[in-house]
Structures are given as structure tokens and as C-alpha cells.
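The file start37.cif comes next; it holds mmCIF, C-alpha atoms.
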data_structure
loop_
_atom_site.label_atom_id
_atom_site.label_comp_id
_atom_site.auth_asym_id
_atom_site.auth_seq_id
_atom_site.Cartn_x
_atom_site.Cartn_y
_atom_site.Cartn_z
CA MET A 1 0.00 0.00 0.00
CA LYS A 2 1.33 3.47 -0.88
CA VAL A 3 1.70 6.09 1.85
CA ASN A 4 -0.85 8.29 0.08
CA ASP A 5 -3.39 5.45 0.14
CA HIS A 6 -2.99 4.77 3.86
CA ASN A 7 -5.92 6.04 5.97
CA PHE A 8 -4.00 6.18 9.29
CA ASN A 9 -7.06 5.12 11.31
CA LYS A 10 -5.17 2.63 13.50
CA GLU A 11 -2.32 5.06 14.13
CA ARG A 12 -4.74 7.88 14.96
CA ASN A 13 -6.73 5.69 17.37
CA ALA A 14 -3.56 4.45 19.11
CA THR A 15 -2.53 8.06 19.68
CA PHE A 16 -6.00 8.98 20.96
CA ILE A 17 -5.97 6.10 23.45
CA SER A 18 -2.49 7.02 24.68
CA ALA A 19 -3.59 10.59 25.43
CA PHE A 20 -6.77 9.32 27.10
CA LEU A 21 -4.96 6.87 29.39
CA MET A 22 -2.31 9.41 30.35
CA MET A 23 -4.87 12.04 31.42
CA PHE A 24 -7.12 9.40 33.00
CA ILE A 25 -4.39 8.44 35.46
CA ILE A 26 -3.09 11.99 35.96
CA SER A 27 -6.60 13.18 36.85
CA ILE A 28 -7.06 10.40 39.36
CA TYR A 29 -3.79 11.40 40.99
CA PHE A 30 -4.69 15.09 41.09
CA VAL A 31 -7.94 14.32 42.91
CA HIS A 32 -5.77 12.47 45.46
CA ILE A 33 -3.53 15.54 45.95
CA PRO A 34 -5.41 16.83 49.06
CA TRP A 35 -5.00 13.37 50.62
CA ASN A 36 -1.32 13.26 49.70
CA ILE A 37 -0.42 16.71 51.03
CA ASP A 38 -2.22 15.89 54.29
CA ARG A 39 -0.32 12.59 54.50
CA LEU A 40 3.03 14.33 54.03
CA ASP A 41 1.94 17.44 55.98
CA ILE A 42 3.17 19.86 53.31
CA SER A 43 1.98 23.36 52.39
CA GLU A 44 0.67 24.76 49.11
CA SER A 45 4.04 26.36 48.36
CA GLU A 46 5.83 23.05 48.98
CA LEU A 47 3.46 21.32 46.57
CA GLY A 48 4.18 24.13 44.11
CA PHE A 49 7.92 23.47 44.38
CA GLY A 50 7.34 19.81 43.56
CA LEU A 51 5.49 20.86 40.41
CA PHE A 52 8.36 23.26 39.68
CA VAL A 53 10.75 20.29 39.66
CA PHE A 54 8.31 18.54 37.32
CA GLY A 55 8.47 21.57 35.00
CA ILE A 56 12.26 21.63 34.93
CA SER A 57 12.61 17.94 34.07
CA ASN A 58 9.79 18.22 31.55
CA PHE A 59 11.45 21.23 29.89
CA PHE A 60 14.65 19.32 29.11
CA SER A 61 12.80 16.11 28.24
CA ASN A 62 10.69 17.96 25.65
CA GLN A 63 13.73 19.24 23.79
CA ILE A 64 15.77 16.05 24.04
CA SER A 65 12.87 13.90 22.82
CA GLY A 66 11.99 16.25 19.94
CA ARG A 67 15.54 16.88 18.71
CA ILE A 68 17.35 13.60 19.48
CA ILE A 69 15.13 10.69 20.52
CA VAL A 70 12.36 11.17 17.92
CA PRO A 71 14.73 11.55 14.91
CA LYS A 72 16.85 8.62 16.08
CA PHE A 73 14.20 6.14 17.24
CA GLY A 74 10.89 7.44 15.85
CA THR A 75 7.80 8.92 17.45
CA SER A 76 6.21 5.62 18.49
CA ASN A 77 9.30 4.38 20.31
CA THR A 78 9.56 7.75 22.06
CA VAL A 79 5.94 7.45 23.23
CA ILE A 80 6.65 3.91 24.43
CA LEU A 81 9.65 5.15 26.42
CA GLY A 82 7.43 7.78 28.03
CA LEU A 83 4.69 5.24 28.81
CA VAL A 84 7.15 2.85 30.47
CA ILE A 85 8.55 5.62 32.70
CA PHE A 86 5.10 7.06 33.39
CA CYS A 87 3.22 3.88 34.30
CA PHE A 88 4.20 3.82 37.98
CA CYS A 89 5.05 7.50 38.59
CA PRO A 90 1.75 8.27 40.41
CA LEU A 91 2.29 5.16 42.58
CA LEU A 92 5.71 6.52 43.51
CA LEU A 93 4.28 9.95 44.39
CA ILE A 94 1.68 8.56 46.79
CA SER A 95 4.11 6.05 48.36
CA VAL A 96 7.14 8.19 49.23
CA PRO A 97 7.73 8.56 53.00
CA ASN A 98 8.70 12.24 53.17
CA TYR A 99 8.77 15.57 51.34
CA ASN A 100 12.31 15.25 49.95
CA TYR A 101 11.47 12.00 48.17
CA PHE A 102 8.19 13.56 47.04
CA VAL A 103 10.10 16.34 45.25
CA ILE A 104 12.54 13.89 43.64
CA SER A 105 9.63 11.73 42.44
CA TRP A 106 8.44 14.55 40.17
CA ILE A 107 11.60 14.16 38.04
CA PRO A 108 10.67 10.88 36.28
CA PHE A 109 7.10 12.18 36.00
CA GLY A 110 8.35 15.24 34.10
CA ILE A 111 10.63 13.16 31.89
CA ALA A 112 7.77 10.82 30.96
CA ILE A 113 5.35 13.62 30.08
CA GLY A 114 8.12 15.35 28.12
CA CYS A 115 8.52 12.23 25.99
CA MET A 116 4.80 11.68 25.44
CA VAL A 117 2.95 14.98 25.05
CA PRO A 118 4.95 16.69 22.27
CA THR A 119 5.42 13.37 20.48
CA LEU A 120 1.71 12.50 20.52
CA ASN A 121 0.93 15.99 19.19
CA THR A 122 3.58 15.47 16.50
CA GLN A 123 1.98 12.17 15.46
CA ILE A 124 -1.45 13.75 15.13
CA SER A 125 0.00 16.71 13.21
CA ILE A 126 1.67 14.26 10.81
CA VAL A 127 -1.63 12.43 10.32
CA GLU A 128 -3.34 15.78 9.68
CA THR A 129 -0.88 16.64 6.92
CA LYS A 130 -1.13 13.15 5.38
CA THR A 131 -4.94 13.04 5.38
CA ASP A 132 -5.71 16.76 4.98
CA LYS A 133 -8.28 16.55 7.79
CA ILE A 134 -8.75 18.63 10.96
CA ILE A 135 -7.90 16.13 13.71
CA LEU A 136 -6.13 18.15 16.43
CA PRO A 137 -9.34 19.32 18.18
CA ILE A 138 -10.65 15.75 18.35
CA PHE A 139 -7.25 14.57 19.59
CA GLN A 140 -7.37 17.22 22.32
CA ALA A 141 -10.76 15.76 23.26
CA SER A 142 -8.90 12.57 24.22
CA TYR A 143 -7.14 14.53 26.97
CA SER A 144 -10.45 16.01 28.12
CA THR A 145 -12.21 12.65 28.08
CA GLY A 146 -9.37 11.15 30.10
CA SER A 147 -9.68 13.98 32.62
CA LEU A 148 -13.44 13.52 32.86
CA PHE A 149 -13.45 9.78 33.38
CA GLY A 150 -10.39 10.00 35.63
CA SER A 151 -12.13 12.49 37.90
CA ILE A 152 -15.24 10.30 38.05
CA ALA A 153 -13.18 7.16 38.66
CA ALA A 154 -11.24 8.94 41.41
CA ALA A 155 -14.46 9.41 43.41
CA TYR A 156 -15.09 5.67 43.15
CA PHE A 157 -11.54 4.68 44.10
CA ILE A 158 -11.49 7.08 47.08
CA SER A 159 -14.84 5.76 48.31
CA TYR A 160 -14.14 2.04 47.95
CA ILE A 161 -10.37 1.49 48.03
CA SER A 162 -8.79 2.56 51.31
CA ASP A 163 -5.17 2.30 50.17
CA PRO A 164 -4.39 4.45 47.06
CA ARG A 165 -1.31 2.33 46.39
CA ILE A 166 -3.60 -0.48 45.26
CA THR A 167 -5.36 1.94 42.89
CA PHE A 168 -2.19 3.23 41.25
CA PHE A 169 -0.50 -0.17 41.05
CA PHE A 170 -3.54 -1.43 39.14
CA LEU A 171 -3.57 1.62 36.84
CA GLY A 172 0.18 1.42 36.25
CA THR A 173 -0.18 -2.21 35.21
CA ILE A 174 -2.82 -1.23 32.64
CA ILE A 175 -0.43 1.33 31.11
CA PHE A 176 2.40 -1.20 31.04
CA VAL A 177 0.22 -3.72 29.19
CA TYR A 178 -0.93 -1.03 26.76
CA VAL A 179 2.69 -0.44 25.72
CA PHE A 180 2.63 -3.70 23.77
CA ILE A 181 -0.61 -2.73 22.02
CA PHE A 182 0.79 0.67 21.06
CA LYS A 183 3.91 -0.99 19.68
CA ILE A 184 1.72 -2.85 17.18
CA PHE A 185 -0.65 -0.05 16.16
CA GLY A 186 1.42 3.13 16.66
CA LEU A 187 2.61 5.33 13.79
CA LYS A 188 5.28 3.60 11.70
CA ARG A 189 8.55 5.40 11.19
CA GLU A 190 8.35 5.44 7.40
CA TYR A 191 5.55 8.00 7.65
CA GLU A 192 7.67 10.47 9.61
CA PRO A 193 9.29 13.29 7.60
CA GLU A 194 12.16 14.18 9.98
CA LYS A 195 14.79 11.51 10.72
CA GLU A 196 17.92 13.59 11.38
CA ILE A 197 19.09 14.84 14.75
CA VAL A 198 18.53 18.59 14.90
CA LYS A 199 20.83 20.95 16.81
CA PHE A 200 19.24 23.35 19.22
CA LYS A 201 18.52 26.87 18.05
CA LEU A 202 16.11 29.52 19.21
CA PRO A 203 12.76 29.44 17.39
CA LYS A 204 11.72 32.41 15.31
CA LYS A 205 10.03 35.32 17.07
CA ILE A 206 6.53 34.38 15.92
CA ILE A 207 6.95 30.80 17.26
CA LEU A 208 8.21 32.24 20.55
CA ILE A 209 5.05 34.36 20.78
CA TYR A 210 2.79 31.39 20.11
CA GLY A 211 4.85 29.43 22.63
CA PHE A 212 4.45 32.17 25.23
CA MET A 213 0.68 31.94 24.86
CA MET A 214 0.90 28.20 25.46
CA MET A 215 3.18 28.91 28.42
CA MET A 216 0.47 31.01 30.03
CA ASN A 217 -1.97 28.22 29.21
CA PHE A 218 0.04 25.56 31.03
CA ALA A 219 1.02 27.91 33.87
CA THR A 220 -2.63 28.58 34.68
CA ILE A 221 -4.43 25.40 33.60
CA GLY A 222 -2.62 23.72 36.48
CA ILE A 223 -4.85 25.81 38.75
CA ILE A 224 -7.74 23.68 37.54
CA LEU A 225 -5.90 20.35 37.53
CA ASP A 226 -3.76 20.74 40.64
CA TRP A 227 -5.57 23.20 42.86
CA THR A 228 -9.35 23.04 42.40
CA PRO A 229 -9.64 19.85 44.49
CA VAL A 230 -7.72 21.62 47.27
CA TRP A 231 -9.77 24.81 46.79
CA LEU A 232 -13.09 22.97 46.98
CA THR A 233 -12.18 20.90 50.02
CA ARG A 234 -10.59 23.77 51.97
CA ASP A 235 -12.27 27.03 50.94
CA LEU A 236 -15.70 25.70 49.97
CA SER A 237 -15.72 22.80 52.49
CA ALA A 238 -16.61 20.16 49.89
CA PRO A 239 -16.03 16.49 50.86
CA LEU A 240 -12.94 14.82 49.40
CA PHE A 241 -14.86 12.57 47.00
CA LEU A 242 -16.26 15.75 45.36
CA GLY A 243 -12.80 17.23 44.98
CA GLY A 244 -12.80 16.53 41.24
CA ILE A 245 -16.26 18.00 40.48
CA LEU A 246 -14.92 21.15 38.79
CA LEU A 247 -12.48 19.10 36.75
CA ILE A 248 -15.38 16.89 35.69
CA PHE A 249 -17.48 19.79 34.38
CA PHE A 250 -14.47 21.55 32.89
CA SER A 251 -13.68 18.33 31.01
CA ILE A 252 -17.30 17.94 29.84
CA GLY A 253 -17.18 21.44 28.34
CA GLU A 254 -13.85 20.68 26.67
CA ILE A 255 -15.03 17.37 25.25
CA VAL A 256 -18.15 18.87 23.67
CA ALA A 257 -16.21 21.77 22.14
CA ARG A 258 -13.37 19.58 20.87
CA LEU A 259 -15.65 16.97 19.33
CA MET A 260 -17.34 19.87 17.55
CA GLY A 261 -13.94 21.46 16.83
CA SER A 262 -13.72 20.94 13.09
CA ARG A 263 -17.36 21.99 12.64
CA LEU A 264 -16.89 25.09 14.80
CA LEU A 265 -13.72 26.10 12.98
CA ASN A 266 -15.26 25.59 9.56
CA SER A 267 -18.46 27.49 10.39
CA LEU A 268 -17.26 30.23 12.76
CA GLY A 269 -13.54 30.53 11.98
CA THR A 270 -10.45 30.77 14.16
CA TYR A 271 -11.12 34.38 15.18
CA ILE A 272 -14.33 33.50 17.02
CA VAL A 273 -13.41 30.02 18.27
CA GLY A 274 -9.87 30.89 19.33
CA GLY A 275 -10.19 34.53 20.34
CA TYR A 276 -13.70 35.61 21.27
CA PHE A 277 -14.71 32.30 22.86
CA THR A 278 -11.65 32.51 25.12
CA ILE A 279 -12.32 36.11 26.17
CA VAL A 280 -15.98 35.47 26.99
CA SER A 281 -15.05 32.29 28.90
CA GLY A 282 -12.66 34.20 31.13
CA ILE A 283 -15.34 36.78 31.93
CA VAL A 284 -17.94 34.10 32.74
CA LEU A 285 -15.57 32.21 35.06
CA PHE A 286 -14.58 35.44 36.85
CA LEU A 287 -18.22 36.34 37.51
CA SER A 288 -19.07 32.83 38.72
CA VAL A 289 -16.19 32.83 41.23
CA LEU A 290 -17.41 36.20 42.53
CA THR A 291 -20.59 34.49 43.74
CA MET A 292 -18.66 31.83 45.77
CA ASN A 293 -21.66 29.60 45.04
CA LEU A 294 -20.67 26.05 44.08
CA TYR A 295 -23.50 25.66 41.55
CA PHE A 296 -22.64 28.91 39.74
CA ILE A 297 -18.95 28.01 39.80
CA ILE A 298 -19.67 24.58 38.30
CA PHE A 299 -21.68 26.22 35.53
CA GLY A 300 -18.92 28.80 34.97
CA MET A 301 -16.29 26.08 34.77
CA LEU A 302 -18.41 24.15 32.27
CA LEU A 303 -18.59 27.19 29.97
CA PHE A 304 -14.92 27.96 30.57
CA GLY A 305 -13.97 24.46 29.44
CA PHE A 306 -16.13 24.80 26.32
CA GLY A 307 -14.83 28.24 25.38
CA THR A 308 -11.12 27.54 25.83
CA ALA A 309 -11.06 23.95 24.58
CA ASN A 310 -9.75 24.57 21.06
CA PHE A 311 -7.23 27.25 21.95
CA ILE A 312 -4.19 24.92 21.97
CA ALA A 313 -5.21 23.17 18.74
CA ILE A 314 -5.52 26.54 16.97
CA VAL A 315 -2.14 27.71 18.29
CA ILE A 316 -0.42 24.51 17.13
CA ARG A 317 -2.07 24.54 13.71
CA GLU A 318 -1.22 28.19 13.09
CA ALA A 319 2.36 27.79 14.28
CA ILE A 320 2.91 24.78 12.01
CA ARG A 321 1.41 26.71 9.11
CA ILE A 322 3.88 29.58 9.36
CA SER A 323 6.94 27.64 10.56
CA ASP A 324 9.80 26.78 8.21
CA GLU A 325 10.97 23.91 10.46
CA SER A 326 9.77 20.31 10.57
CA ILE A 327 6.56 19.38 12.37
CA ASN A 328 8.28 17.56 15.24
CA ILE A 329 10.68 20.48 15.91
CA THR A 330 7.90 23.08 15.71
CA VAL A 331 5.63 21.08 18.01
CA SER A 332 8.52 20.28 20.36
CA ASN A 333 9.38 23.98 20.62
CA LEU A 334 5.75 24.90 21.29
CA ILE A 335 5.26 22.19 23.91
CA THR A 336 8.60 23.01 25.54
CA LEU A 337 7.65 26.67 25.81
CA GLY A 338 4.19 25.66 26.96
CA PHE A 339 5.37 23.29 29.65
CA SER A 340 7.93 25.82 30.82
CA GLY A 341 4.87 27.38 32.41
CA PHE A 342 5.17 24.55 34.92
CA ILE A 343 8.59 25.92 35.90
CA PHE A 344 7.27 29.17 37.35
CA GLY A 345 3.50 28.62 37.35
CA PRO A 346 3.14 26.09 40.21
CA VAL A 347 5.63 27.96 42.39
CA ALA A 348 3.84 31.27 41.82
CA VAL A 349 0.42 29.70 42.31
CA GLY A 350 1.59 27.93 45.48
CA TYR A 351 2.93 31.10 47.07
CA LEU A 352 -0.08 33.15 45.97
CA ALA A 353 -2.38 30.48 47.42
CA GLU A 354 -0.49 30.53 50.72
CA TYR A 355 -0.52 34.31 51.10
CA PHE A 356 -3.64 35.43 49.21
CA GLY A 357 -5.77 32.27 49.13
CA LEU A 358 -6.77 29.87 46.37
CA THR A 359 -9.78 32.02 45.42
CA PHE A 360 -7.35 34.71 44.29
CA ASN A 361 -5.82 32.20 41.87
CA MET A 362 -9.22 31.48 40.37
CA TYR A 363 -9.65 35.18 39.60
CA LEU A 364 -6.12 35.24 38.18
CA LEU A 365 -6.95 32.26 35.95
CA SER A 366 -9.92 34.13 34.47
CA ILE A 367 -7.96 37.33 33.82
CA ILE A 368 -4.96 35.62 32.21
CA TRP A 369 -7.19 33.59 29.90
CA GLY A 370 -9.08 36.68 28.82
CA GLY A 371 -5.70 38.19 27.96
CA ASN A 372 -4.75 35.05 26.06
CA GLY A 373 -7.81 35.46 23.86
CA ILE A 374 -6.95 39.09 23.12
CA ALA A 375 -3.35 38.14 22.27
CA LEU A 376 -4.48 35.40 19.90
CA LEU A 377 -6.82 37.80 18.11
CA TYR A 378 -3.95 40.24 17.63
CA LEU A 379 -1.59 37.52 16.41
CA MET A 380 -4.10 36.16 13.90
CA ASN A 381 -4.78 39.69 12.67
CA ILE A 382 -1.13 40.48 11.88
CA ASN A 383 -0.81 37.11 10.13
CA LYS A 384 -4.17 37.45 8.40
CA PRO A 385 -2.93 36.61 4.86
CA LYS A 386 -1.71 33.23 6.17
CA ILE A 387 -4.92 32.32 8.02
CA ASN A 388 -7.64 30.34 6.32
#

What does the file become when written as C-alpha cells?
Amino acid sequence: MKVNDHNFNKERNATFISAFLMMFIISIYFVHIPWNIDRLDISESELGFGLFVFGISNFFSNQISGRIIVPKFGTSNTVILGLVIFCFCPLLLISVPNYNYFVISWIPFGIAIGCMVPTLNTQISIVETKTDKIILPIFQASYSTGSLFGSIAAAYFISYISDPRITFFFLGTIIFVYVFIFKIFGLKREYEPEKEIVKFKLPKKIILIYGFMMMMNFATIGIILDWTPVWLTRDLSAPLFLGGILLIFFSIGEIVARLMGSRLLNSLGTYIVGGYFTIVSGIVLFLSVLTMNLYFIIFGMLLFGFGTANFIAIVIREAIRISDESINITVSNLITLGFSGFIFGPVAVGYLAEYFGLTFNMYLLSIIWGGNGIALLYLMNINKPKIN
């Protein structure tokens, strides 16, 4: 079969499942964060420093995987490496006996995510170019679906399994078994355009700007993933098993918007979906937090998830369109810049939470995302001749 005749359905589905499983387990762990910080008796700023270590290791892993490992061994083998490292990282985090080991345990976690996330996005971007279809929004829905079902599953595991180590050993085993499935169905190397090791160089200014927008995304989206369970259980006095409720509704909004992504982009365009949706979402979330009413906040988070869901996909697609570098290098640069938000974001959020409260961070999340929407509108306007 010729490359042009290949439909890439198996490869696409394998990538979707990988993203789903990764976020499924990560979400379950994040709902356990309040339990873990109570077990270790650590503060918000100490948790933030652990996430800072994650960001540092992820930063270097992103670049090494995109510039060395992917060209040398292929995208699928790079994903497999990440899956093998990742499979028992959450088990390690909830098993360590003290804070020092807790911080060190974020290093393999960051390395694993650095191997997987940019590489999975690269695979989907390759499939997009081969099939001439809009797939990135649907791929992003795999992350959202994983978050949704992970948050729901976390409530079950917390309610019925007293020892979280049993939960994460079971989940890690599932990931380890899936490695062999991915090896069979993952993207074959002959379909990858870049097979030479690429030396590091600074991306062009326009890629840096797109990357900065993703940086603000990752720096603040952690407020939802890492901190809303803590916020709900501490500031709003919600029981632990409801700690993931905001993540659940945020994920529902994302899933709906991402499954409709290609239709929304074709009918409304990137200006509305990427820019105006994001601005309005930030305003709605800000107003809902003002009420300090759980039901209004849930509704605000649902709309926030819907309105911001396709932001990353639009940024990646536009950056690839204007970049003169290969897909894997462009995506690696974007993801590296994006995940560098984890270098300063968790530390800043942790200290702000300790001194100003977690509610302050929710307001900050709304404001930054409104600014992200304005910045994307400006960027698309100055590159208007290159936008479909």
C-alpha cells in the first residue's frame, strides 16, 4: 500500500488512546492531591515546588525527545519510552515517605510527560498533513475525556479502596500492558518526515510568541488540575470525593467543544473560536467565582472548558502553518515553551495560594485567559494573509 493510500485510522486511534490513558491516570492522581499533602503534611508552596521540579525535568525532556530521541528512534518508540517511565510515577508519588522524596519523584514524571505529550501531538500533526483533515481538536478531546473519566473514577476509588497504592499499582499495570498494544498499532517510522538529529537553536520570534501563549496556558491550567480539588475541600468545604467535580465539568465542556472542533472552525472561523470564545469564557468564570456559590462556579467552569477547549489546537495549527521547520521540531518547541509554564507557574500559584488564598488564583486564571484570547486575536490579525 502506498503512503498516500494509507488512511492512518489505526495510528490515529492508538494516539488517541495514549492521550486518554495518560490524562485518565493523571486526573485520578490530582484528585488524590489533598489526601497526599495531608499525608506528608506539606503546604501549598511546597506542593508548588514539587510541580516546579516537574516543570524543569519536563522542559529538558521535551527538547531532548523532539531533537534527538524522535529523529533517532521514531515517534512511536519515544511514546513507548514515556509510557514505560510514566506507568508507575503516580504510585511513587503517593508512596514516598517524606517531602524530599516527594520532590525527587516529580523528576521521572516530568521526563515521561516530556517524551509523550509533544510526540503525541507530533503524530497527530503528521496524520493531519497526510490526510488533509482537521484532527487536532478531536485529539485534544482525548485529553479532556481522560480527565473527565479520571475524575469520576477517582471518586469511586477514594470511596471504595482505602489504600491508594492499590489503585495506582492497578492503573500502572494497565499502562504497562498497553505499551505492547501501542507498539503494534502506533505510527510507523516510514511516515515520519524528519529523521535527522537537529541541533538546538532559538525558534523564530513568531513561534516564541505562540509558545508564550501556550506557556500562560500551562502555567494557569494547572490551577484547575492541581488546585481546584484543594480549593473545593478547603475554601468551599466540599467532601474529598467531590474534589474533582470542577475538573469533571471543565472536562465535559472541553469534550463537547473539541468533538465539535472541526465543525466550529469551519463554520465560525479561528477568530471567534480561538479569540472571542476565550475572552468570553474568562469573563464568565470570573463572575461565577465572585458568587462563591458552588453551583454557579460549576456552571462557569463548564462554559470555561467549552470556550477555551480549542485554543491549543488553533495555536499549534497556526504555528505549524507559518513555521519553516519540521513538524516535530515546531511542536517540540511549542510544547517546551508551553510546559515551561510549569517551571514558574506552580511555584507562583503555590505562594499566591499561601498568602492570598486559592480564590485569588481562580480570579487570576480568568484574567490571564481573557488576555490570552486578546493576544491570539492580535496575532491572527497580523498574520491574516496566512490564516484560512

For this session: Mind checking which residues fall within 7 Å of stretch 256-260 of chain A, counting only C-alpha atoms, ignoring those fewer than 6 positions away in the same chain, and posting them as an NGL selection string?
Result: :A and (137-138 or 140-141 or 306 or 309-310)

Exercise. Which value, in Å to one decimal, gives the distance between atom CA of A:Ala153 and atom CA of A:Ser251?
Worked result: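 Atom CA of A:Ala153 sits 13.5 Å away from atom CA of A:Ser251.
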
For this session: For a cut-off of 12 Å around (1.0, 12.9, 39.8), file coordinates, pick out all residues using all atoms listed in the file and list them as a PyMOL selection string.
Result: chain A and resi 22-34+36-37+47+50-51+54+86-95+102-103+105-110+112-113+168+222+225-226

Hey, can you spit out that residue selection with C-alpha atoms as a PDB file, in the coordinates of the input?
ATOM      1  CA  MET A  22      -2.310   9.410  30.350  1.00  0.00           C
ATOM      2  CA  MET A  23      -4.870  12.040  31.420  1.00  0.00           C
ATOM      3  CA  PHE A  24      -7.120   9.400  33.000  1.00  0.00           C
ATOM      4  CA  ILE A  25      -4.390   8.440  35.460  1.00  0.00           C
ATOM      5  CA  ILE A  26      -3.090  11.990  35.960  1.00  0.00           C
ATOM      6  CA  SER A  27      -6.600  13.180  36.850  1.00  0.00           C
ATOM      7  CA  ILE A  28      -7.060  10.400  39.360  1.00  0.00           C
ATOM      8  CA  TYR A  29      -3.790  11.400  40.990  1.00  0.00           C
ATOM      9  CA  PHE A  30      -4.690  15.090  41.090  1.00  0.00           C
ATOM     10  CA  VAL A  31      -7.940  14.320  42.910  1.00  0.00           C
ATOM     11  CA  HIS A  32      -5.770  12.470  45.460  1.00  0.00           C
ATOM     12  CA  ILE A  33      -3.530  15.540  45.950  1.00  0.00           C
ATOM     13  CA  PRO A  34      -5.410  16.830  49.060  1.00  0.00           C
ATOM     14  CA  ASN A  36      -1.320  13.260  49.700  1.00  0.00           C
ATOM     15  CA  ILE A  37      -0.420  16.710  51.030  1.00  0.00           C
ATOM     16  CA  LEU A  47       3.460  21.320  46.570  1.00  0.00           C
ATOM     17  CA  GLY A  50       7.340  19.810  43.560  1.00  0.00           C
ATOM     18  CA  LEU A  51       5.490  20.860  40.410  1.00  0.00           C
ATOM     19  CA  PHE A  54       8.310  18.540  37.320  1.00  0.00           C
ATOM     20  CA  PHE A  86       5.100   7.060  33.390  1.00  0.00           C
ATOM     21  CA  CYS A  87       3.220   3.880  34.300  1.00  0.00           C
ATOM     22  CA  PHE A  88       4.200   3.820  37.980  1.00  0.00           C
ATOM     23  CA  CYS A  89       5.050   7.500  38.590  1.00  0.00           C
ATOM     24  CA  PRO A  90       1.750   8.270  40.410  1.00  0.00           C
ATOM     25  CA  LEU A  91       2.290   5.160  42.580  1.00  0.00           C
ATOM     26  CA  LEU A  92       5.710   6.520  43.510  1.00  0.00           C
ATOM     27  CA  LEU A  93       4.280   9.950  44.390  1.00  0.00           C
ATOM     28  CA  ILE A  94       1.680   8.560  46.790  1.00  0.00           C
ATOM     29  CA  SER A  95       4.110   6.050  48.360  1.00  0.00           C
ATOM     30  CA  PHE A 102       8.190  13.560  47.040  1.00  0.00           C
ATOM     31  CA  VAL A 103      10.100  16.340  45.250  1.00  0.00           C
ATOM     32  CA  SER A 105       9.630  11.730  42.440  1.00  0.00           C
ATOM     33  CA  TRP A 106       8.440  14.550  40.170  1.00  0.00           C
ATOM     34  CA  ILE A 107      11.600  14.160  38.040  1.00  0.00           C
ATOM     35  CA  PRO A 108      10.670  10.880  36.280  1.00  0.00           C
ATOM     36  CA  PHE A 109       7.100  12.180  36.000  1.00  0.00           C
ATOM     37  CA  GLY A 110       8.350  15.240  34.100  1.00  0.00           C
ATOM     38  CA  ALA A 112       7.770  10.820  30.960  1.00  0.00           C
ATOM     39  CA  ILE A 113       5.350  13.620  30.080  1.00  0.00           C
ATOM     40  CA  PHE A 168      -2.190   3.230  41.250  1.00  0.00           C
ATOM     41  CA  GLY A 222      -2.620  23.720  36.480  1.00  0.00           C
ATOM     42  CA  LEU A 225      -5.900  20.350  37.530  1.00  0.00           C
ATOM     43  CA  ASP A 226      -3.760  20.740  40.640  1.00  0.00           C
TER      44      ASP A 226
END

Problem set entry | Picked residues, the PyMOL selection byres ((chain A and resi 314) around 10), expected as a list in words | Leu136, Pro137, Gly261, Leu265, Thr270, Tyr271, Val273, Gly274, Gly275, Ala309, Asn310, Phe311, Ile312, Ala313, Val315, Ile316, Arg317, Glu318, Ala319, Ile320 and Leu376 of chain A

If you count all atoms listed in the file, which residues fall within 12 Å of A:Gln63, apart from same-chain ones fewer than 2 positions away, as a JSON list (two decimals) with C-alpha atoms, in the frame of the given file?
[["chain", "number", "residue", "atom", "x", "y", "z"],
["A", 56, "ILE", "CA", 12.26, 21.63, 34.93],
["A", 57, "SER", "CA", 12.61, 17.94, 34.07],
["A", 58, "ASN", "CA", 9.79, 18.22, 31.55],
["A", 59, "PHE", "CA", 11.45, 21.23, 29.89],
["A", 60, "PHE", "CA", 14.65, 19.32, 29.11],
["A", 61, "SER", "CA", 12.80, 16.11, 28.24],
["A", 65, "SER", "CA", 12.87, 13.90, 22.82],
["A", 66, "GLY", "CA", 11.99, 16.25, 19.94],
["A", 67, "ARG", "CA", 15.54, 16.88, 18.71],
["A", 68, "ILE", "CA", 17.35, 13.60, 19.48],
["A", 69, "ILE", "CA", 15.13, 10.69, 20.52],
["A", 70, "VAL", "CA", 12.36, 11.17, 17.92],
["A", 71, "PRO", "CA", 14.73, 11.55, 14.91],
["A", 111, "ILE", "CA", 10.63, 13.16, 31.89],
["A", 113, "ILE", "CA", 5.35, 13.62, 30.08],
["A", 114, "GLY", "CA", 8.12, 15.35, 28.12],
["A", 115, "CYS", "CA", 8.52, 12.23, 25.99],
["A", 116, "MET", "CA", 4.80, 11.68, 25.44],
["A", 117, "VAL", "CA", 2.95, 14.98, 25.05],
["A", 118, "PRO", "CA", 4.95, 16.69, 22.27],
["A", 119, "THR", "CA", 5.42, 13.37, 20.48],
["A", 197, "ILE", "CA", 19.09, 14.84, 14.75],
["A", 198, "VAL", "CA", 18.53, 18.59, 14.90],
["A", 199, "LYS", "CA", 20.83, 20.95, 16.81],
["A", 200, "PHE", "CA", 19.24, 23.35, 19.22],
["A", 201, "LYS", "CA", 18.52, 26.87, 18.05],
["A", 202, "LEU", "CA", 16.11, 29.52, 19.21],
["A", 328, "ASN", "CA", 8.28, 17.56, 15.24],
["A", 329, "ILE", "CA", 10.68, 20.48, 15.91],
["A", 330, "THR", "CA", 7.90, 23.08, 15.71],
["A", 331, "VAL", "CA", 5.63, 21.08, 18.01],
["A", 332, "SER", "CA", 8.52, 20.28, 20.36],
["A", 333, "ASN", "CA", 9.38, 23.98, 20.62],
["A", 334, "LEU", "CA", 5.75, 24.90, 21.29],
["A", 335, "ILE", "CA", 5.26, 22.19, 23.91],
["A", 336, "THR", "CA", 8.60, 23.01, 25.54],
["A", 337, "LEU", "CA", 7.65, 26.67, 25.81],
["A", 338, "GLY", "CA", 4.19, 25.66, 26.96],
["A", 339, "PHE", "CA", 5.37, 23.29, 29.65],
["A", 340, "SER", "CA", 7.93, 25.82, 30.82]]

For this session: Measure the distance from atom CA of A:Leu358 to atom CA of A:Val280 in Å and round it to one decimal.
Result: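 Straight-line distance from atom CA of A:Leu358 to atom CA of A:Val280 works out to 22.2 Å.
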
Problem set entry | Result set, the PyMOL selection byres ((chain A and resi 364) around 12) on current file, as a ChimeraX atom specification | /A:216,219-221,223-224,282-283,285-286,289,345,348-349,352-353,356-363,365-371

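Atom CA of A:Met215 lies 21.4 Å from atom CA of A:Ile272.
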
For this session: Between A:Ile343, A:Ser144, A:Tyr210, A:Tyr156, single out the one closest to A:Gly253, counting all atoms listed in the file.
Result: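 Closest to A:Gly253, using all atoms listed in the file: A:Ser144.
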
Problem set entry | From A:Phe277, A:Trp35, A:Asn293, A:Phe299, residue lying nearest A:Pro229 [only C-alpha atoms] |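 Nearest candidate to A:Pro229 out of A:Phe277, A:Trp35, A:Asn293, A:Phe299: A:Trp35.
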
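Minimum atom-to-atom distance to A:Arg12, evaluated using all atoms listed in the file, belongs to A:Phe185 out of A:Phe157, A:Phe185, A:Phe304, A:Phe180.
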